[in-house]
Amino acid sequence: MDDQEEGWNSSVPVWRGLSLTDPVKAVEDKWLLLPAFLKVKGLVKQHIDSFNYFVDVDIKNIVKANSKVTSDVDPRFWLKYTDVHVSFPDRTDPDAIDKSITPHECRLRDTTYAGQIIVTIQYTRGKQLVRRPGVNIGRLPIMLRSNKCVLSGQSEASLARMNECPLDPGGYFIVKGTEKVILVQEQLSKNRIIVEVDPVKGIVQASCTSSTHGGLKSKTYVATKKSKIYLRHNSLHEDIPIVIALKALGVQSDKEILLLTAGNHDAYKSTFSPNLEEAAKLGVFTRHQALEYIGSKVKVNRKVIGPRRPVWEEALEALATIVLAHVPVVNLDFRGKAIFVATMTRRVLMAMDDEKMVDDRDYVGNKRLELAGQLLALLFEDLFKTFNTNLKSAIDKNLSKTSRTSEFDAFNTMKFQGDHITAGFIRAISTGNWSLKRFKMERAGVTHVLSRLSYISALGMMTRISSQFEKTRKVSGPRALQPSQWGMLCPSDTPEGEACGLVKNLALMTHITTDVEEGPIVKLAFMLGVEDIALSTGAEIYGPHTYVVNVNGSIIGLTRYPSRFVSNFRKLRRAGRVSEFVSVYINNHHRTVLIASDGGRICRPMIIVERGRPRVTPGHVAELKAGNLTFDDFLRKGLVEYLDVNEENDSYIALYEADIVPTTTHLEIEPFTLLGAVAGLIPYPHHNQSPRNTYQCAMGKQAIGAIGYNQLNRIDTLLYLSVYPQQPMVKTKTIELIGYDRLPAGQNATVAVMSYSGYDIEDALIQNKASLDRGYGRCQVLRKNATLIRKYPNGTFDRLADAPVDENGQVQKKYDIIQADGLAGVGERVDPGDVYINKQTPTNANANANDTSFTGQAATVPYKNTPMTYKSPVAGHIDKVMITDTENDHTLIKVLIRQTRRPELGDKFSSRHGQKGVCGLIVNQEDMPFNDQGIVPDTIMNPHGFPSRMTVGKMIELLAGKAGVLAGKLQYGTAFGGSKVEDMSRILIDNGFSYAGKDMLTSGITGEPLEAYVYFGPIYYQKLKHMVMDKMHARARGPRATLTRQPTEGRSREGGLRLGEMERDCLIGYGATQLLLERLMISSDKFEVNACEECGLMGYNGWCTYCKSSKKMAQLTIPYAAKLLFQELMAMNIVPRLVLDDA
Amino acid sequence: MSPSSSSNALPQSVYNPRRHVGIHAERISDVSSTEYPGHYPNEDHSWNLDVFKQNLQVKVQRLSQRSIEFDLVGVDASIANAFRRILIAEVPTLAIEHVYVWNNTSVIHDEILAHRLGLVPLNADPALMEYRTPTGINAQPNDRNTLVFQLKVECSRAPRGSGKEYINDEVKSGDLVWVPQGEQGSVFADKPPAPTNKNIVLAKLRPGQEIDMELHATKNVGKEHAKWSPVATASYRLHPLIVLNPEKPIPPHLAQKFASCFSPGVVKIGDHGEVRVLIDERGMRNDSVSREVLRHEEFAGCVELKRIRDWFIFSVESEGPYEPERMLPEAIKIMREKLSSIRTAAEALLSGGNEGGDIPPSRTEGADVEMADS
């Protein structure tokens, strides 16, 4: 310990010679800690850490917990897993020589990026003991950039060799060629007491969800009912009076019960006393009586037939293992559990006495985030248990066979177990359904396809947190911005609409903890003077100076010097003796010291302040700059530390150095880290109205730009790329940190804020035609078209054919790009209707395999054409053609077709301030206004967009951008900082421009000056993915649905535009009956029917089949849907009769 | 409003308030000329060629290889603007329009490379070429309407010790090779067509990649596509005018501050025993009219900012085949053609002919092209 002490004390002398009253010098560039943090942690470190924890630690624990397989048939047989590890991803192809595989190959070949789960087994073979290492029990999809991924720790050059983008964050899986993310799930913390009050029903309840490693989850309540307190649990039919429960837990004397719950507090005592009376009334005095009482209420679901156990034994077991399962009961010592229940009771009493003593469910400190690793661990445990059960029954079956040629070898049985684990992982990740009956878990939508619309959308997805709350519930609490979210969750980045506030995003500088072993921490607490709880009585627990010490929700002991204990504990943590992610804090309301080491807490680093001085000095920052120190060194030296939300609440944190007072404990590293990665793109967000930042967070993900350095090697279903992306003139520090300047999505447009022509109302934008000619806003759309060349069970297979020729030897126009191999040539232009894969399918593909018509000669099989034709209304180009094999040996052909688009009327654009607009008019350059320098705007934006939106940040962006252009350097618009308006104005003045950024423009149409000065300069504009070309749709006539003969619906089916109910109401109200008739029947599904005036039924050809007559037949026009309805009613034994009358 | 007597660089008539556009802190006044420019009630301003000639001034102020700055004084904004518009949109040039890709193994896509090629300014005299038309003899490419270039570049690894890593890793506009067709060899003999700038990077290559294309350049105007615009920009600004108020001179101690409110060289601080602020009438044209002076309260009423309505300082940057000094005459030529076509149409209309609606083609060569929008 000594030299460690030296280590973190050695930096103290820096302060010598300075008194406390000296002004605190700002630590310049302390924000550099942020890139240092991101270098160590990365943006998606939470996912990767969690996965690493699973493959390194958790999987071993799971296998250890389920390590033994025995047989019911042969008691001498056993099989044991002694070790498990996960291999690097490899190729499944059995005859491959190079087994290594890259993630990109998996993406292209639609395979799964998975590594083997390899176990070492020991089992008995007859009388022999066999040890067999390297047994593969299944394949686990590997998270990219985790420590089992080939990409981890690679240089940029070797990443490039693997076709991987160095800026790609990783943290996702590749399953069947699609990139899947397991979103972070937000939950209420486990094993903690939450007290709530229902003011309507007057109920106070303390609840605790117990979760143990066995996976059992149950919720225990201590709640009031008619001002008496009861214990409630799912496994009990009825609520148990709390005194009886406590008596059953071994606290027999009423005095002790009173002391453990109410203590010496008079108000609590009087509130609690009716409970003691109730127990007496029910005649429960002893522990045995209490157990008998509870035993009769326990739900017994026991399948094993055996001798019936006494009722009190049932109660004992339920109390020991089911109720509050997380509190351990060793050797039937119920003391710990009794104290836990008593604490819950006391919390209820406190809340009954003072309504403010309740907990806030929405408080971020009461939440835990569940990550990929935890979910995979649950899934693996379930799959592994099933695997073992299946193995056991297979072994039993084998062992029960008496005659055997050789000794039974369990390994052979294991080999034929099938790929249950592999299939389970792939199914769960690709569908997102986590249905684990064993753990009563039924969750859908856990995984999502990684959105590759833009780099930002992919990044935004990796930091997303989804809540378990129902989206339809109209509650404001969980959706509201919580003050404790500060610095942990981004206040801007949340969707609008139903998921508002339920889907959140992590802030830039956060870390999510993984589990830290509890045992050493408890030991440490005892070493620091904590008295064991088992030895204390109620009087001591609630003594005037005692604080209860909790570790992860379980009570371990008492301390009389809480602040000394906490500061000693923190000292040890800063010295690296305890994991830096263990948090310790005092809760003065509950008089407790809480230590948390569980996984899923959000925490963030902060600079430690001691004696009014930040421990990080300019000297340290200089070392950091020089590259001599890393972030971990700062941690190790005790200069910075991680605080979770609860400990944050127990600290006094200064935002800036100037705010430091003697009681300050910590200093923020940088205020802009409270925003997330996506909100960090906005320049000057602190000048914007807050919803605008939220809108931009949603829109930034739709911007077309660069996806990754490997974007042209990817074959995605749909890929939008910008032809000439630019980094923004006005950057933020976040932009540099996340690499948005290297993978930008937008262009710096010169904007004139003025009105022009009236085609710019309602946020429409005017675009300069010459700018578009020169490549502004130009984008590419690449679409994947894939097909499989199948082999059918009957031996036939699909084939590719060259272009057919007609009788004149001419190739049809639609086949003109097909080459001899049946595929379109790369670079060829594809016109609408052209064939690009000339595939043919055998006509008897689905025929029985025993069918003898197939002789093995391909030529004898009749084929039909099943070509892939290009359907878009605009021509494209063949970008790539890929031919490969899938894992199950079908040939896979992927054709990437590219369109290059220039902006057109109606395309959507947006600045970075939630100001979207469509292109309303494209104006020739000579008609555009110009300034004294002859600069013509690329875009004209209507000034009416400003007053109501209040996006002052956009105005400052323009000013800073203009100054940047003039000064020849990039400006910064970082949140709560950035280039100052005053400095920007100075640059403008020095360059001969007006300080306000307003220029004198000349009309390009009249040639005369405009009467007003126009705000004129560059603003970063994003082109959004919504383009007119993909949406434009009209129809005069076209296809109809077969059943109703009404026009089809939707653009993709060339559908009609519906005249809906509301439109119908308008026409009725207006009295336009003939128009109504035309729209609803004549132009839709009019149908001529013959109806009999006699019987009112429909006939045909002027003949009534019911009346057997043609006398009174009339012809009328009705909607086909009506005719269909009549016939369907008739099928249901209802006769609709038409009553005909002359109008 | 008396002019400063110390300098007579500018003619006295610039101080005529009728010629002024007022520059105020938040607005610009007297922007428009009257409906009949140069005419005022109860005054005779009937158009007179001699007077017009006397007032009209065209003077080149600066001329360089690629740009020109000249003054055009004494015309209405509509005329000056017409020249500006014609310069941008209607002076024809040649630009690559059709690209035939034989091979392109580079990372840049065919369309994008073609787009970039189209934007390369070509130095080939458009007067020697004809427009492509949808019908007639010029519907097909021939040596009168199409220039052919070849782009054939292959990248390879440079030999060791050559100091470079690759050969041809950057495809530049200088790599375009003109392939004379038919009579073009003799027609363009004295000035073979080539890009005006040989250093425009078109694509980047790596060993093994190659580009092989045939490029067809045609004649057209900037209205059709910006690539046919002969100018980088053509614009004008009005001559600035700074008028000091003799009633309220600038306090000497503020002279430096006053000077710094204008572009350098605009304000002269005379020092004849006492500090005196003067406006350099020659330097005035260089003022950027930043209105900085209007921001400071201490100068309120000391100075009036104006611009001269009919004094256009043109700035033309030629990027195409034309020498900068040839740009304005070229624009005038096109304007005259337009005028003559309007005249013939108007005359036809006046003569009451039933074919009055037929407006003859705007270009005398009869090669009037309005190609379909691309």
# chains A, B, ... in the order shown; residues from 1 in each chain; ligands from 1
>>> interface_residues(of="chain B", to="chain A", cutoff="9 Å", atoms="only C-alpha atoms", output="NGL selection string")
:B and (21 or 26-33 or 77-82 or 84-86 or 88-89 or 101 or 104 or 107 or 109-112 or 115-116 or 119 or 222-223 or 225-227 or 233-238 or 260-263 or 287-292 or 309 or 315)
>>> residues_around(residues="Arg361 in chain A", least_positions_apart="5", cutoff="8 Å", atoms="only C-alpha atoms", output="ChimeraX atom specification")
/A:188,194,366-367
>>> select_by_dssp(residues="range 666-821 of chain A", states="helix (DSSP H, G or I)", output="ChimeraX atom specification")
/A:671-674,679-681,685-687,690-702,711-713,733-738,769-773,813-815
>>> residues_around(residues="range 514-521 of chain A", least_positions_apart="2", cutoff="7 Å", atoms="only C-alpha atoms", output="PDB file with N, CA, C and O atoms, in the first residue's frame")
ATOM      1  N   SER A  50     -19.663  -4.970 -21.981  1.00  0.00           N
ATOM      2  CA  SER A  50     -20.659  -5.915 -21.496  1.00  0.00           C
ATOM      3  C   SER A  50     -20.476  -7.274 -22.167  1.00  0.00           C
ATOM      4  O   SER A  50     -20.531  -8.322 -21.511  1.00  0.00           O
ATOM      5  N   ILE A 512     -21.160   2.500 -18.592  1.00  0.00           N
ATOM      6  CA  ILE A 512     -22.119   1.647 -17.901  1.00  0.00           C
ATOM      7  C   ILE A 512     -21.330   0.541 -17.219  1.00  0.00           C
ATOM      8  O   ILE A 512     -20.508  -0.131 -17.857  1.00  0.00           O
ATOM      9  N   LYS A 523     -15.849  -7.632   2.643  1.00  0.00           N
ATOM     10  CA  LYS A 523     -14.695  -7.863   3.528  1.00  0.00           C
ATOM     11  C   LYS A 523     -14.024  -6.527   3.854  1.00  0.00           C
ATOM     12  O   LYS A 523     -13.680  -6.223   4.999  1.00  0.00           O
ATOM     13  N   LEU A 524     -13.875  -5.720   2.809  1.00  0.00           N
ATOM     14  CA  LEU A 524     -13.242  -4.419   2.977  1.00  0.00           C
ATOM     15  C   LEU A 524     -14.048  -3.538   3.925  1.00  0.00           C
ATOM     16  O   LEU A 524     -13.496  -2.858   4.800  1.00  0.00           O
ATOM     17  N   ALA A 525     -15.370  -3.596   3.766  1.00  0.00           N
ATOM     18  CA  ALA A 525     -16.226  -2.783   4.632  1.00  0.00           C
ATOM     19  C   ALA A 525     -16.020  -3.183   6.083  1.00  0.00           C
ATOM     20  O   ALA A 525     -15.917  -2.328   6.971  1.00  0.00           O
ATOM     21  N   SER A 597     -22.000  -2.191  -6.352  1.00  0.00           N
ATOM     22  CA  SER A 597     -20.995  -2.721  -7.283  1.00  0.00           C
ATOM     23  C   SER A 597     -21.670  -3.501  -8.392  1.00  0.00           C
ATOM     24  O   SER A 597     -21.024  -4.208  -9.131  1.00  0.00           O
ATOM     25  N   ASP A 598     -22.997  -3.359  -8.511  1.00  0.00           N
ATOM     26  CA  ASP A 598     -23.701  -4.147  -9.529  1.00  0.00           C
ATOM     27  C   ASP A 598     -23.550  -3.528 -10.910  1.00  0.00           C
ATOM     28  O   ASP A 598     -23.180  -2.369 -11.060  1.00  0.00           O
ATOM     29  N   GLY A 599     -23.851  -4.305 -11.910  1.00  0.00           N
ATOM     30  CA  GLY A 599     -23.716  -3.851 -13.290  1.00  0.00           C
ATOM     31  C   GLY A 599     -24.910  -3.020 -13.707  1.00  0.00           C
ATOM     32  O   GLY A 599     -25.983  -3.105 -13.118  1.00  0.00           O
ATOM     33  N   GLY A 600     -24.721  -2.221 -14.764  1.00  0.00           N
ATOM     34  CA  GLY A 600     -25.832  -1.481 -15.329  1.00  0.00           C
ATOM     35  C   GLY A 600     -26.026  -0.097 -14.770  1.00  0.00           C
ATOM     36  O   GLY A 600     -26.970   0.583 -15.155  1.00  0.00           O
TER      37      GLY A 600
END
>>> residues_around(residues="Leu378 in chain A", least_positions_apart="4", cutoff="9 Å", atoms="only C-alpha atoms", output="PyMOL selection string")
chain A and resi 215+373-374+382-383+436+439
>>> write_last_selection(atoms="N, CA and C atoms", output="mmCIF file, in the first residue's frame")
data_model
loop_
_atom_site.group_PDB
_atom_site.id
_atom_site.type_symbol
_atom_site.label_atom_id
_atom_site.label_comp_id
_atom_site.auth_asym_id
_atom_site.auth_seq_id
_atom_site.Cartn_x
_atom_site.Cartn_y
_atom_site.Cartn_z
ATOM 1 N N GLY A 215 -31.295 -16.738 -11.784
ATOM 2 C CA GLY A 215 -32.226 -16.217 -12.764
ATOM 3 C C GLY A 215 -33.632 -16.091 -12.227
ATOM 4 N N GLY A 373 -24.496 -8.092 -23.150
ATOM 5 C CA GLY A 373 -23.869 -9.192 -22.421
ATOM 6 C C GLY A 373 -24.846 -9.873 -21.476
ATOM 7 N N GLN A 374 -25.610 -9.087 -20.738
ATOM 8 C CA GLN A 374 -26.555 -9.673 -19.791
ATOM 9 C C GLN A 374 -27.644 -10.463 -20.511
ATOM 10 N N ASP A 382 -30.223 -20.325 -20.695
ATOM 11 C CA ASP A 382 -31.413 -21.065 -21.097
ATOM 12 C C ASP A 382 -31.058 -22.140 -22.114
ATOM 13 N N LEU A 383 -30.302 -21.744 -23.138
ATOM 14 C CA LEU A 383 -29.949 -22.691 -24.192
ATOM 15 C C LEU A 383 -29.059 -23.802 -23.646
ATOM 16 N N LEU A 436 -37.673 -16.663 -22.984
ATOM 17 C CA LEU A 436 -37.022 -17.666 -22.166
ATOM 18 C C LEU A 436 -38.006 -18.084 -21.091
ATOM 19 N N PHE A 439 -36.887 -18.354 -17.451
ATOM 20 C CA PHE A 439 -36.720 -17.162 -16.625
ATOM 21 C C PHE A 439 -37.927 -16.239 -16.708
#
>>> residues_around(residues="Ile242 in chain B", least_positions_apart="6", cutoff="9 Å", atoms="only C-alpha atoms", output="list in words")
Ile279, Glu281, Met284, Val303, Glu304, Leu305, Lys306 and Arg307 of chain B
>>> atom_distance(atom1="CA of Ser454 in chain A", atom2="CA of Ala745 in chain A")
7.3 Å
>>> residues_around(residues="Glu319 in chain B", least_positions_apart="4", cutoff="9 Å", atoms="only C-alpha atoms", output="JSON list (two decimals) with C-alpha atoms, in the first residue's frame")
[["chain", "number", "residue", "atom", "x", "y", "z"],
["B", 66, "ARG", "CA", -8.07, 35.70, -66.29],
["B", 67, "SER", "CA", -9.98, 38.66, -64.94],
["B", 121, "PRO", "CA", -13.36, 24.73, -68.83],
["B", 122, "LEU", "CA", -12.09, 24.20, -72.35],
["B", 123, "ASN", "CA", -10.00, 26.63, -74.27],
["B", 196, "THR", "CA", -7.70, 26.20, -69.69],
["B", 197, "ASN", "CA", -6.32, 24.78, -66.46],
["B", 229, "SER", "CA", -20.85, 29.53, -68.62],
["B", 230, "PRO", "CA", -17.69, 31.30, -69.80],
["B", 231, "VAL", "CA", -17.18, 33.12, -66.53],
["B", 232, "ALA", "CA", -16.38, 32.05, -63.02],
["B", 233, "THR", "CA", -18.44, 35.02, -62.10],
["B", 323, "GLU", "CA", -9.67, 36.67, -72.96],
["B", 324, "PRO", "CA", -11.21, 38.77, -70.21]]
>>> atom_distance(atom1="CA of Ile250 in chain B", atom2="CA of Ile269 in chain B")
10.6 Å
>>> atom_distance(atom1="CA of Leu970 in chain A", atom2="CA of Asp29 in chain A")
18.3 Å
>>> decode(residues="range 197-212 of chain A", atoms="N, CA, C and O atoms", output="mmCIF file, in the first residue's frame")
data_model
loop_
_atom_site.group_PDB
_atom_site.id
_atom_site.type_symbol
_atom_site.label_atom_id
_atom_site.label_comp_id
_atom_site.auth_asym_id
_atom_site.auth_seq_id
_atom_site.Cartn_x
_atom_site.Cartn_y
_atom_site.Cartn_z
ATOM 1 N N VAL A 197 -46.243 5.578 -2.717
ATOM 2 C CA VAL A 197 -47.498 5.916 -2.056
ATOM 3 C C VAL A 197 -48.554 6.047 -3.134
ATOM 4 O O VAL A 197 -48.310 6.649 -4.182
ATOM 5 N N ASP A 198 -49.678 5.433 -2.898
ATOM 6 C CA ASP A 198 -50.808 5.662 -3.787
ATOM 7 C C ASP A 198 -51.763 6.583 -3.052
ATOM 8 O O ASP A 198 -52.488 6.143 -2.155
ATOM 9 N N PRO A 199 -51.762 7.853 -3.377
ATOM 10 C CA PRO A 199 -52.561 8.793 -2.582
ATOM 11 C C PRO A 199 -54.067 8.553 -2.718
ATOM 12 O O PRO A 199 -54.829 8.899 -1.820
ATOM 13 N N VAL A 200 -54.470 7.942 -3.853
ATOM 14 C CA VAL A 200 -55.906 7.715 -4.047
ATOM 15 C C VAL A 200 -56.393 6.621 -3.107
ATOM 16 O O VAL A 200 -57.386 6.780 -2.376
ATOM 17 N N LYS A 201 -55.691 5.507 -3.116
ATOM 18 C CA LYS A 201 -56.133 4.395 -2.288
ATOM 19 C C LYS A 201 -55.565 4.484 -0.879
ATOM 20 O O LYS A 201 -55.933 3.692 -0.005
ATOM 21 N N GLY A 202 -54.676 5.412 -0.666
ATOM 22 C CA GLY A 202 -54.074 5.549 0.651
ATOM 23 C C GLY A 202 -53.180 4.385 1.012
ATOM 24 O O GLY A 202 -53.105 3.959 2.158
ATOM 25 N N ILE A 203 -52.529 3.855 0.011
ATOM 26 C CA ILE A 203 -51.666 2.695 0.249
ATOM 27 C C ILE A 203 -50.206 3.130 0.230
ATOM 28 O O ILE A 203 -49.795 3.931 -0.620
ATOM 29 N N VAL A 204 -49.447 2.627 1.174
ATOM 30 C CA VAL A 204 -48.008 2.822 1.139
ATOM 31 C C VAL A 204 -47.398 1.445 0.944
ATOM 32 O O VAL A 204 -47.784 0.499 1.635
ATOM 33 N N GLN A 205 -46.508 1.323 0.014
ATOM 34 C CA GLN A 205 -45.904 0.006 -0.144
ATOM 35 C C GLN A 205 -44.424 0.094 -0.458
ATOM 36 O O GLN A 205 -43.966 0.994 -1.137
ATOM 37 N N ALA A 206 -43.697 -0.847 0.123
ATOM 38 C CA ALA A 206 -42.293 -0.992 -0.195
ATOM 39 C C ALA A 206 -42.168 -2.271 -0.996
ATOM 40 O O ALA A 206 -42.706 -3.302 -0.590
ATOM 41 N N SER A 207 -41.525 -2.167 -2.146
ATOM 42 C CA SER A 207 -41.389 -3.365 -2.962
ATOM 43 C C SER A 207 -39.918 -3.612 -3.241
ATOM 44 O O SER A 207 -39.105 -2.698 -3.205
ATOM 45 N N CYS A 208 -39.636 -4.868 -3.504
ATOM 46 C CA CYS A 208 -38.266 -5.224 -3.812
ATOM 47 C C CYS A 208 -38.284 -6.363 -4.804
ATOM 48 O O CYS A 208 -38.894 -7.405 -4.547
ATOM 49 N N THR A 209 -37.672 -6.142 -5.964
ATOM 50 C CA THR A 209 -37.578 -7.203 -6.962
ATOM 51 C C THR A 209 -36.268 -7.942 -6.717
ATOM 52 O O THR A 209 -35.201 -7.367 -6.845
ATOM 53 N N SER A 210 -36.377 -9.193 -6.344
ATOM 54 C CA SER A 210 -35.166 -9.960 -6.075
ATOM 55 C C SER A 210 -34.715 -10.641 -7.340
ATOM 56 O O SER A 210 -35.524 -11.154 -8.103
ATOM 57 N N SER A 211 -33.443 -10.587 -7.553
ATOM 58 C CA SER A 211 -32.897 -11.273 -8.721
ATOM 59 C C SER A 211 -31.590 -11.912 -8.291
ATOM 60 O O SER A 211 -30.702 -11.243 -7.783
ATOM 61 N N THR A 212 -31.527 -13.207 -8.444
ATOM 62 C CA THR A 212 -30.303 -13.894 -8.068
ATOM 63 C C THR A 212 -29.670 -14.452 -9.319
ATOM 64 O O THR A 212 -30.248 -14.391 -10.396
#
